[in-house]
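Chemist: So I've got this file, query29.cif, and it contains mmCIF, N, CA and C atoms:
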data_entry
#
loop_
_atom_site.label_atom_id
_atom_site.label_comp_id
_atom_site.auth_asym_id
_atom_site.auth_seq_id
_atom_site.Cartn_x
_atom_site.Cartn_y
_atom_site.Cartn_z
N MET A 1 -1.61 6.66 -47.40
CA MET A 1 -1.00 5.42 -46.95
C MET A 1 0.49 5.39 -47.29
N ARG A 2 1.03 6.48 -47.77
CA ARG A 2 2.43 6.51 -48.17
C ARG A 2 3.39 6.52 -46.99
N GLN A 3 2.92 6.96 -45.83
CA GLN A 3 3.79 7.05 -44.67
C GLN A 3 3.70 5.77 -43.84
N GLY A 4 4.81 5.43 -43.21
CA GLY A 4 4.90 4.18 -42.46
C GLY A 4 3.88 4.04 -41.35
N HIS A 5 3.56 5.15 -40.66
CA HIS A 5 2.60 5.05 -39.56
C HIS A 5 1.21 4.65 -40.04
N ASN A 6 0.88 4.98 -41.30
CA ASN A 6 -0.42 4.56 -41.84
C ASN A 6 -0.50 3.04 -41.96
N TRP A 7 0.60 2.43 -42.39
CA TRP A 7 0.62 0.97 -42.51
C TRP A 7 0.58 0.32 -41.14
N LEU A 8 1.27 0.93 -40.16
CA LEU A 8 1.22 0.41 -38.79
C LEU A 8 -0.21 0.49 -38.26
N GLN A 9 -0.87 1.61 -38.48
CA GLN A 9 -2.27 1.74 -38.04
C GLN A 9 -3.15 0.72 -38.72
N LEU A 10 -2.97 0.51 -40.01
CA LEU A 10 -3.76 -0.49 -40.72
C LEU A 10 -3.51 -1.88 -40.15
N ALA A 11 -2.25 -2.21 -39.86
CA ALA A 11 -1.94 -3.52 -39.27
C ALA A 11 -2.59 -3.66 -37.90
N ARG A 12 -2.54 -2.61 -37.10
CA ARG A 12 -3.18 -2.66 -35.78
C ARG A 12 -4.70 -2.76 -35.91
N TYR A 13 -5.26 -1.99 -36.85
CA TYR A 13 -6.71 -2.03 -37.09
C TYR A 13 -7.14 -3.45 -37.48
N CYS A 14 -6.36 -4.07 -38.34
CA CYS A 14 -6.68 -5.44 -38.76
C CYS A 14 -6.52 -6.43 -37.62
N THR A 15 -5.51 -6.21 -36.76
CA THR A 15 -5.33 -7.08 -35.59
C THR A 15 -6.53 -6.97 -34.66
N VAL A 16 -6.93 -5.74 -34.38
CA VAL A 16 -8.13 -5.53 -33.56
C VAL A 16 -9.33 -6.14 -34.27
N GLY A 17 -9.39 -5.95 -35.57
CA GLY A 17 -10.48 -6.51 -36.36
C GLY A 17 -10.57 -8.03 -36.25
N VAL A 18 -9.42 -8.69 -36.21
CA VAL A 18 -9.41 -10.15 -36.06
C VAL A 18 -10.01 -10.55 -34.72
N THR A 19 -9.68 -9.79 -33.67
CA THR A 19 -10.28 -10.13 -32.36
C THR A 19 -11.78 -9.88 -32.38
N GLY A 20 -12.20 -8.76 -32.98
CA GLY A 20 -13.63 -8.47 -33.09
C GLY A 20 -14.34 -9.47 -33.99
N TYR A 21 -13.69 -9.85 -35.07
CA TYR A 21 -14.23 -10.82 -36.03
C TYR A 21 -14.44 -12.18 -35.34
N THR A 22 -13.41 -12.61 -34.60
CA THR A 22 -13.49 -13.88 -33.88
C THR A 22 -14.61 -13.83 -32.84
N LEU A 23 -14.66 -12.74 -32.10
CA LEU A 23 -15.72 -12.57 -31.10
C LEU A 23 -17.09 -12.57 -31.77
N ASN A 24 -17.22 -11.84 -32.88
CA ASN A 24 -18.48 -11.75 -33.60
C ASN A 24 -18.95 -13.12 -34.07
N VAL A 25 -18.08 -13.84 -34.76
CA VAL A 25 -18.47 -15.15 -35.31
C VAL A 25 -18.75 -16.15 -34.19
N THR A 26 -17.98 -16.09 -33.12
CA THR A 26 -18.20 -17.01 -31.99
C THR A 26 -19.55 -16.76 -31.32
N VAL A 27 -19.83 -15.49 -31.01
CA VAL A 27 -21.12 -15.16 -30.38
C VAL A 27 -22.26 -15.49 -31.33
N PHE A 28 -22.09 -15.19 -32.62
CA PHE A 28 -23.11 -15.52 -33.62
C PHE A 28 -23.37 -17.02 -33.66
N ALA A 29 -22.31 -17.82 -33.68
CA ALA A 29 -22.46 -19.28 -33.74
C ALA A 29 -23.17 -19.81 -32.50
N VAL A 30 -22.82 -19.29 -31.34
CA VAL A 30 -23.49 -19.72 -30.11
C VAL A 30 -24.98 -19.37 -30.18
N CYS A 31 -25.27 -18.16 -30.61
CA CYS A 31 -26.67 -17.73 -30.70
C CYS A 31 -27.48 -18.57 -31.68
N VAL A 32 -26.91 -18.84 -32.86
CA VAL A 32 -27.64 -19.57 -33.90
C VAL A 32 -27.67 -21.07 -33.63
N GLU A 33 -26.49 -21.64 -33.39
CA GLU A 33 -26.37 -23.10 -33.29
C GLU A 33 -26.82 -23.66 -31.95
N TRP A 34 -26.53 -22.98 -30.87
CA TRP A 34 -26.85 -23.51 -29.55
C TRP A 34 -28.15 -22.96 -28.98
N LEU A 35 -28.41 -21.68 -29.24
CA LEU A 35 -29.58 -21.06 -28.64
C LEU A 35 -30.77 -20.97 -29.60
N GLY A 36 -30.55 -21.27 -30.87
CA GLY A 36 -31.64 -21.27 -31.85
C GLY A 36 -32.19 -19.89 -32.17
N ILE A 37 -31.37 -18.86 -32.04
CA ILE A 37 -31.80 -17.49 -32.30
C ILE A 37 -31.74 -17.22 -33.81
N HIS A 38 -32.71 -16.49 -34.34
CA HIS A 38 -32.73 -16.13 -35.77
C HIS A 38 -31.43 -15.42 -36.13
N HIS A 39 -30.95 -15.65 -37.36
CA HIS A 39 -29.64 -15.14 -37.74
C HIS A 39 -29.52 -13.61 -37.74
N VAL A 40 -30.58 -12.88 -38.00
CA VAL A 40 -30.49 -11.41 -37.97
C VAL A 40 -30.38 -10.93 -36.52
N VAL A 41 -31.14 -11.53 -35.62
CA VAL A 41 -31.04 -11.18 -34.20
C VAL A 41 -29.67 -11.57 -33.66
N ALA A 42 -29.20 -12.75 -34.05
CA ALA A 42 -27.87 -13.21 -33.63
C ALA A 42 -26.78 -12.27 -34.16
N ALA A 43 -26.93 -11.80 -35.38
CA ALA A 43 -25.96 -10.85 -35.95
C ALA A 43 -25.95 -9.55 -35.15
N THR A 44 -27.11 -9.12 -34.69
CA THR A 44 -27.19 -7.90 -33.89
C THR A 44 -26.50 -8.08 -32.54
N ILE A 45 -26.75 -9.20 -31.89
CA ILE A 45 -26.13 -9.47 -30.60
C ILE A 45 -24.61 -9.56 -30.74
N SER A 46 -24.16 -10.30 -31.74
CA SER A 46 -22.72 -10.46 -31.93
C SER A 46 -22.06 -9.13 -32.32
N PHE A 47 -22.78 -8.30 -33.06
CA PHE A 47 -22.29 -6.97 -33.42
C PHE A 47 -22.02 -6.14 -32.17
N LEU A 48 -22.93 -6.17 -31.21
CA LEU A 48 -22.77 -5.38 -29.99
C LEU A 48 -21.53 -5.79 -29.20
N PHE A 49 -21.27 -7.09 -29.14
CA PHE A 49 -20.05 -7.56 -28.47
C PHE A 49 -18.81 -7.06 -29.22
N ALA A 50 -18.80 -7.25 -30.53
CA ALA A 50 -17.63 -6.90 -31.34
C ALA A 50 -17.38 -5.40 -31.38
N VAL A 51 -18.42 -4.59 -31.51
CA VAL A 51 -18.23 -3.15 -31.63
C VAL A 51 -17.66 -2.57 -30.33
N THR A 52 -18.06 -3.11 -29.20
CA THR A 52 -17.51 -2.65 -27.92
C THR A 52 -16.03 -2.98 -27.84
N ASN A 53 -15.69 -4.22 -28.14
CA ASN A 53 -14.29 -4.66 -28.16
C ASN A 53 -13.47 -3.78 -29.11
N ASN A 54 -13.97 -3.59 -30.31
CA ASN A 54 -13.20 -2.87 -31.33
C ASN A 54 -13.01 -1.40 -30.98
N PHE A 55 -14.05 -0.77 -30.44
CA PHE A 55 -13.89 0.65 -30.07
C PHE A 55 -12.81 0.81 -29.02
N LEU A 56 -12.88 0.01 -27.97
CA LEU A 56 -11.92 0.16 -26.88
C LEU A 56 -10.49 -0.05 -27.35
N TRP A 57 -10.26 -1.10 -28.12
CA TRP A 57 -8.91 -1.37 -28.59
C TRP A 57 -8.45 -0.38 -29.66
N ASN A 58 -9.32 -0.01 -30.59
CA ASN A 58 -8.90 0.94 -31.62
C ASN A 58 -8.62 2.32 -31.03
N ARG A 59 -9.43 2.73 -30.09
CA ARG A 59 -9.21 4.06 -29.49
C ARG A 59 -7.88 4.12 -28.77
N ARG A 60 -7.59 3.11 -27.98
CA ARG A 60 -6.39 3.13 -27.17
C ARG A 60 -5.14 2.74 -27.96
N TRP A 61 -5.22 1.65 -28.73
CA TRP A 61 -4.02 1.08 -29.31
C TRP A 61 -3.80 1.47 -30.77
N THR A 62 -4.81 1.33 -31.60
CA THR A 62 -4.62 1.58 -33.03
C THR A 62 -4.36 3.06 -33.32
N PHE A 63 -5.24 3.91 -32.81
CA PHE A 63 -5.16 5.34 -33.13
C PHE A 63 -4.62 6.20 -31.99
N ALA A 64 -4.40 5.61 -30.81
CA ALA A 64 -3.93 6.35 -29.64
C ALA A 64 -4.66 7.68 -29.51
N ALA A 65 -5.98 7.61 -29.60
CA ALA A 65 -6.81 8.82 -29.63
C ALA A 65 -6.83 9.49 -28.27
N ASN A 66 -6.83 10.82 -28.31
CA ASN A 66 -6.86 11.57 -27.06
C ASN A 66 -8.00 12.58 -27.02
N GLY A 67 -8.98 12.42 -27.89
CA GLY A 67 -10.13 13.30 -27.89
C GLY A 67 -11.18 12.83 -26.89
N HIS A 68 -12.35 13.42 -26.97
CA HIS A 68 -13.47 13.08 -26.09
C HIS A 68 -13.99 11.69 -26.42
N ALA A 69 -13.91 10.79 -25.45
CA ALA A 69 -14.28 9.38 -25.69
C ALA A 69 -15.74 9.23 -26.09
N GLY A 70 -16.63 9.98 -25.47
CA GLY A 70 -18.05 9.87 -25.80
C GLY A 70 -18.35 10.28 -27.22
N PHE A 71 -17.73 11.37 -27.65
CA PHE A 71 -17.91 11.86 -29.02
C PHE A 71 -17.36 10.82 -30.01
N GLN A 72 -16.18 10.31 -29.71
CA GLN A 72 -15.58 9.30 -30.58
C GLN A 72 -16.41 8.02 -30.59
N ALA A 73 -16.97 7.65 -29.46
CA ALA A 73 -17.80 6.45 -29.40
C ALA A 73 -19.03 6.58 -30.29
N MET A 74 -19.64 7.76 -30.30
CA MET A 74 -20.81 7.96 -31.16
C MET A 74 -20.44 7.88 -32.64
N ARG A 75 -19.31 8.46 -32.99
CA ARG A 75 -18.86 8.37 -34.38
C ARG A 75 -18.50 6.93 -34.75
N PHE A 76 -17.81 6.26 -33.84
CA PHE A 76 -17.43 4.86 -34.09
C PHE A 76 -18.68 4.01 -34.27
N LEU A 77 -19.68 4.24 -33.42
CA LEU A 77 -20.92 3.50 -33.53
C LEU A 77 -21.63 3.79 -34.85
N THR A 78 -21.60 5.04 -35.30
CA THR A 78 -22.21 5.40 -36.58
C THR A 78 -21.55 4.65 -37.73
N VAL A 79 -20.21 4.66 -37.75
CA VAL A 79 -19.47 3.93 -38.79
C VAL A 79 -19.77 2.44 -38.69
N SER A 80 -19.77 1.93 -37.47
CA SER A 80 -20.01 0.51 -37.26
C SER A 80 -21.42 0.09 -37.65
N LEU A 81 -22.40 0.96 -37.38
CA LEU A 81 -23.77 0.65 -37.79
C LEU A 81 -23.91 0.61 -39.31
N ALA A 82 -23.25 1.53 -39.99
CA ALA A 82 -23.27 1.50 -41.46
C ALA A 82 -22.64 0.20 -41.97
N ALA A 83 -21.52 -0.19 -41.38
CA ALA A 83 -20.87 -1.44 -41.76
C ALA A 83 -21.77 -2.63 -41.43
N PHE A 84 -22.43 -2.57 -40.28
CA PHE A 84 -23.34 -3.63 -39.85
C PHE A 84 -24.49 -3.79 -40.84
N LEU A 85 -25.09 -2.68 -41.24
CA LEU A 85 -26.22 -2.76 -42.18
C LEU A 85 -25.80 -3.35 -43.51
N LEU A 86 -24.63 -2.95 -44.00
CA LEU A 86 -24.11 -3.55 -45.22
C LEU A 86 -23.88 -5.05 -45.01
N GLY A 87 -23.30 -5.39 -43.88
CA GLY A 87 -23.05 -6.80 -43.57
C GLY A 87 -24.32 -7.63 -43.47
N VAL A 88 -25.36 -7.08 -42.86
CA VAL A 88 -26.63 -7.82 -42.75
C VAL A 88 -27.25 -8.02 -44.13
N ALA A 89 -27.12 -7.03 -44.99
CA ALA A 89 -27.64 -7.17 -46.36
C ALA A 89 -26.90 -8.31 -47.08
N VAL A 90 -25.59 -8.34 -46.94
CA VAL A 90 -24.79 -9.41 -47.55
C VAL A 90 -25.16 -10.75 -46.92
N LEU A 91 -25.33 -10.78 -45.61
CA LEU A 91 -25.73 -11.99 -44.89
C LEU A 91 -27.04 -12.55 -45.46
N GLN A 92 -28.02 -11.69 -45.61
CA GLN A 92 -29.32 -12.12 -46.14
C GLN A 92 -29.18 -12.66 -47.56
N LEU A 93 -28.41 -11.96 -48.38
CA LEU A 93 -28.21 -12.42 -49.77
C LEU A 93 -27.52 -13.78 -49.81
N LEU A 94 -26.48 -13.94 -49.02
CA LEU A 94 -25.76 -15.21 -49.02
C LEU A 94 -26.66 -16.36 -48.56
N ILE A 95 -27.47 -16.11 -47.53
CA ILE A 95 -28.34 -17.17 -47.00
C ILE A 95 -29.53 -17.41 -47.92
N ASP A 96 -30.26 -16.34 -48.26
CA ASP A 96 -31.52 -16.49 -49.00
C ASP A 96 -31.32 -16.76 -50.49
N VAL A 97 -30.36 -16.11 -51.10
CA VAL A 97 -30.15 -16.27 -52.54
C VAL A 97 -29.06 -17.31 -52.82
N GLY A 98 -27.97 -17.23 -52.06
CA GLY A 98 -26.85 -18.13 -52.32
C GLY A 98 -26.95 -19.49 -51.68
N GLY A 99 -27.85 -19.64 -50.70
CA GLY A 99 -28.00 -20.92 -50.04
C GLY A 99 -26.82 -21.30 -49.15
N VAL A 100 -26.04 -20.29 -48.75
CA VAL A 100 -24.88 -20.54 -47.90
C VAL A 100 -25.36 -20.65 -46.46
N ALA A 101 -24.74 -21.51 -45.67
CA ALA A 101 -25.10 -21.68 -44.26
C ALA A 101 -24.86 -20.38 -43.50
N ALA A 102 -25.55 -20.23 -42.37
CA ALA A 102 -25.54 -18.98 -41.62
C ALA A 102 -24.16 -18.58 -41.12
N VAL A 103 -23.42 -19.47 -40.48
CA VAL A 103 -22.14 -19.10 -39.88
C VAL A 103 -21.11 -18.71 -40.94
N PRO A 104 -20.92 -19.49 -42.01
CA PRO A 104 -19.99 -19.02 -43.06
C PRO A 104 -20.45 -17.71 -43.71
N SER A 105 -21.75 -17.53 -43.85
CA SER A 105 -22.27 -16.28 -44.42
C SER A 105 -21.90 -15.10 -43.54
N GLN A 106 -22.03 -15.26 -42.24
CA GLN A 106 -21.66 -14.19 -41.31
C GLN A 106 -20.17 -13.90 -41.40
N ALA A 107 -19.37 -14.94 -41.50
CA ALA A 107 -17.92 -14.75 -41.59
C ALA A 107 -17.55 -13.92 -42.82
N ILE A 108 -18.24 -14.14 -43.91
CA ILE A 108 -18.00 -13.37 -45.14
C ILE A 108 -18.57 -11.96 -45.01
N ALA A 109 -19.78 -11.86 -44.51
CA ALA A 109 -20.50 -10.59 -44.47
C ALA A 109 -19.83 -9.53 -43.61
N ILE A 110 -19.22 -9.93 -42.51
CA ILE A 110 -18.62 -8.91 -41.64
C ILE A 110 -17.25 -8.45 -42.14
N ALA A 111 -16.66 -9.17 -43.09
CA ALA A 111 -15.36 -8.76 -43.63
C ALA A 111 -15.50 -7.72 -44.75
N ILE A 112 -16.61 -7.71 -45.44
CA ILE A 112 -16.76 -6.86 -46.62
C ILE A 112 -16.63 -5.36 -46.34
N PRO A 113 -17.21 -4.81 -45.28
CA PRO A 113 -17.12 -3.35 -45.06
C PRO A 113 -15.80 -2.87 -44.44
N THR A 114 -14.86 -3.76 -44.17
CA THR A 114 -13.65 -3.40 -43.43
C THR A 114 -12.85 -2.25 -44.03
N PRO A 115 -12.53 -2.25 -45.33
CA PRO A 115 -11.72 -1.13 -45.85
C PRO A 115 -12.37 0.24 -45.65
N LEU A 116 -13.66 0.33 -45.90
CA LEU A 116 -14.36 1.60 -45.73
C LEU A 116 -14.44 2.00 -44.26
N SER A 117 -14.65 1.04 -43.38
CA SER A 117 -14.74 1.39 -41.96
C SER A 117 -13.38 1.84 -41.42
N PHE A 118 -12.28 1.24 -41.91
CA PHE A 118 -10.95 1.70 -41.48
C PHE A 118 -10.75 3.17 -41.83
N LEU A 119 -11.00 3.50 -43.08
CA LEU A 119 -10.80 4.89 -43.52
C LEU A 119 -11.73 5.85 -42.79
N SER A 120 -12.97 5.44 -42.58
CA SER A 120 -13.92 6.30 -41.87
C SER A 120 -13.49 6.54 -40.43
N ASN A 121 -13.04 5.49 -39.77
CA ASN A 121 -12.61 5.64 -38.38
C ASN A 121 -11.29 6.40 -38.28
N LYS A 122 -10.40 6.17 -39.20
CA LYS A 122 -9.10 6.86 -39.19
C LYS A 122 -9.28 8.37 -39.33
N PHE A 123 -10.08 8.78 -40.29
CA PHE A 123 -10.17 10.20 -40.60
C PHE A 123 -11.34 10.92 -39.93
N TRP A 124 -12.42 10.23 -39.63
CA TRP A 124 -13.59 10.90 -39.07
C TRP A 124 -13.74 10.63 -37.58
N THR A 125 -13.71 9.38 -37.17
CA THR A 125 -13.94 9.04 -35.77
C THR A 125 -12.83 9.54 -34.85
N PHE A 126 -11.60 9.23 -35.22
CA PHE A 126 -10.47 9.49 -34.33
C PHE A 126 -9.60 10.65 -34.77
N GLY A 127 -10.05 11.45 -35.71
CA GLY A 127 -9.31 12.64 -36.09
C GLY A 127 -8.82 12.61 -37.51
N ASP A 128 -7.72 13.28 -37.74
CA ASP A 128 -7.23 13.43 -39.11
C ASP A 128 -6.34 12.28 -39.56
N GLY A 129 -6.19 11.28 -38.73
CA GLY A 129 -5.40 10.13 -39.12
C GLY A 129 -3.94 10.23 -38.78
N GLU A 130 -3.52 11.35 -38.24
CA GLU A 130 -2.12 11.48 -37.84
C GLU A 130 -1.94 10.78 -36.50
N PRO A 131 -0.81 10.10 -36.30
CA PRO A 131 -0.60 9.42 -35.02
C PRO A 131 -0.43 10.43 -33.90
N ALA A 132 -0.92 10.08 -32.74
CA ALA A 132 -0.76 10.95 -31.58
C ALA A 132 0.71 10.96 -31.16
N GLU A 133 1.15 12.08 -30.64
CA GLU A 133 2.50 12.14 -30.11
C GLU A 133 2.57 11.22 -28.90
N PRO A 134 3.71 10.55 -28.66
CA PRO A 134 3.78 9.62 -27.54
C PRO A 134 3.42 10.28 -26.21
N ALA A 135 3.84 11.52 -25.97
CA ALA A 135 3.52 12.18 -24.71
C ALA A 135 2.02 12.42 -24.60
N ALA A 136 1.38 12.80 -25.70
CA ALA A 136 -0.06 13.04 -25.68
C ALA A 136 -0.82 11.74 -25.45
N ALA A 137 -0.35 10.66 -26.06
CA ALA A 137 -1.02 9.37 -25.88
C ALA A 137 -0.86 8.90 -24.44
N ALA A 138 0.32 9.10 -23.84
CA ALA A 138 0.53 8.70 -22.46
C ALA A 138 -0.32 9.54 -21.51
N GLU A 139 -0.42 10.85 -21.79
CA GLU A 139 -1.24 11.74 -20.97
C GLU A 139 -2.71 11.34 -21.07
N ALA A 140 -3.16 11.01 -22.27
CA ALA A 140 -4.56 10.63 -22.47
C ALA A 140 -4.89 9.34 -21.76
N SER A 141 -3.94 8.41 -21.70
CA SER A 141 -4.23 7.13 -21.06
C SER A 141 -4.21 7.24 -19.54
N SER A 142 -3.56 8.29 -19.01
CA SER A 142 -3.53 8.44 -17.56
C SER A 142 -4.73 9.21 -17.04
N SER A 143 -5.53 9.84 -17.94
CA SER A 143 -6.69 10.59 -17.46
C SER A 143 -7.92 9.77 -17.43
#
What does the file become when written as structure tokens?

Modeler:
Amino acid sequence: MRQGHNWLQLARYCTVGVTGYTLNVTVFAVCVEWLGIHHVVAATISFLFAVTNNFLWNRRWTFAANGHAGFQAMRFLTVSLAAFLLGVAVLQLLIDVGGVAAVPSQAIAIAIPTPLSFLSNKFWTFGDGEPAEPAAAAEASSS
């Protein structure tokens, strides 16, 4: 994280994360509060919306990745599933043990795995973490 581009990537990752976080909590709230769906099922549905949003934006904007999209999607999904499972465990603890309401619990639970998921996606999903050259990123976006 000593180089400036690492901080820029982290800022972009967090920006994308805010959009995914907002989407996740909004879909979760609709599922739980309006549709009466169980909180674990609602968390799964909201996860699917958020992970799709986050992959597309992180691949193109945060990491300017130019590798095989399908391969990267599988890795991103693997990292995201690990984060999701940790988040669901925290969600259950907050609701069942802590007595916290479902929507605030979800808001807390999805934030906890963020640092680990950033590092996993930076170095494993999208490569070695080095920024793509501008020409390579432009070429990748035109294909």

Chemist: Between A:Val16, A:Leu56, A:Ile37, A:Ile110, single out the one closest to Ala83 (chain A), counting only N, CA and C atoms.

Modeler: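 Of A:Val16, A:Leu56, A:Ile37, A:Ile110, the one nearest Ala83 (chain A), counting only N, CA and C atoms, is A:Ile110.
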
Chemist: Would you please work out which residue, of A:Leu48, A:Ala42, A:Ala89, A:Met74, is nearest to Ala29 (chain A) when using all atoms listed in the file?

Modeler: A:Ala42

Chemist: Can you work out which one of A:Ala102, A:Leu8, A:Val79, A:Ala65 has the shortest atom-to-atom distance to Phe28 (chain A), counting all atoms listed in the file?

Modeler: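 Smallest distance to Phe28 (chain A) is found for A:Ala102.
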
Chemist: Just checking: using only C-alpha atoms, which residue out of A:Arg59, A:Thr78, A:Ala43, A:Phe71 ends up closest to Val27 (chain A)?

Modeler: A:Ala43

Chemist: Around (-3.9, 5.3, -37.8), as given in the file, which residues come within 12 Å? Count only C-alpha atoms and list them as a VMD selection string.

Modeler: chain A and resid 1 3 to 14 58 to 65 118 to 132
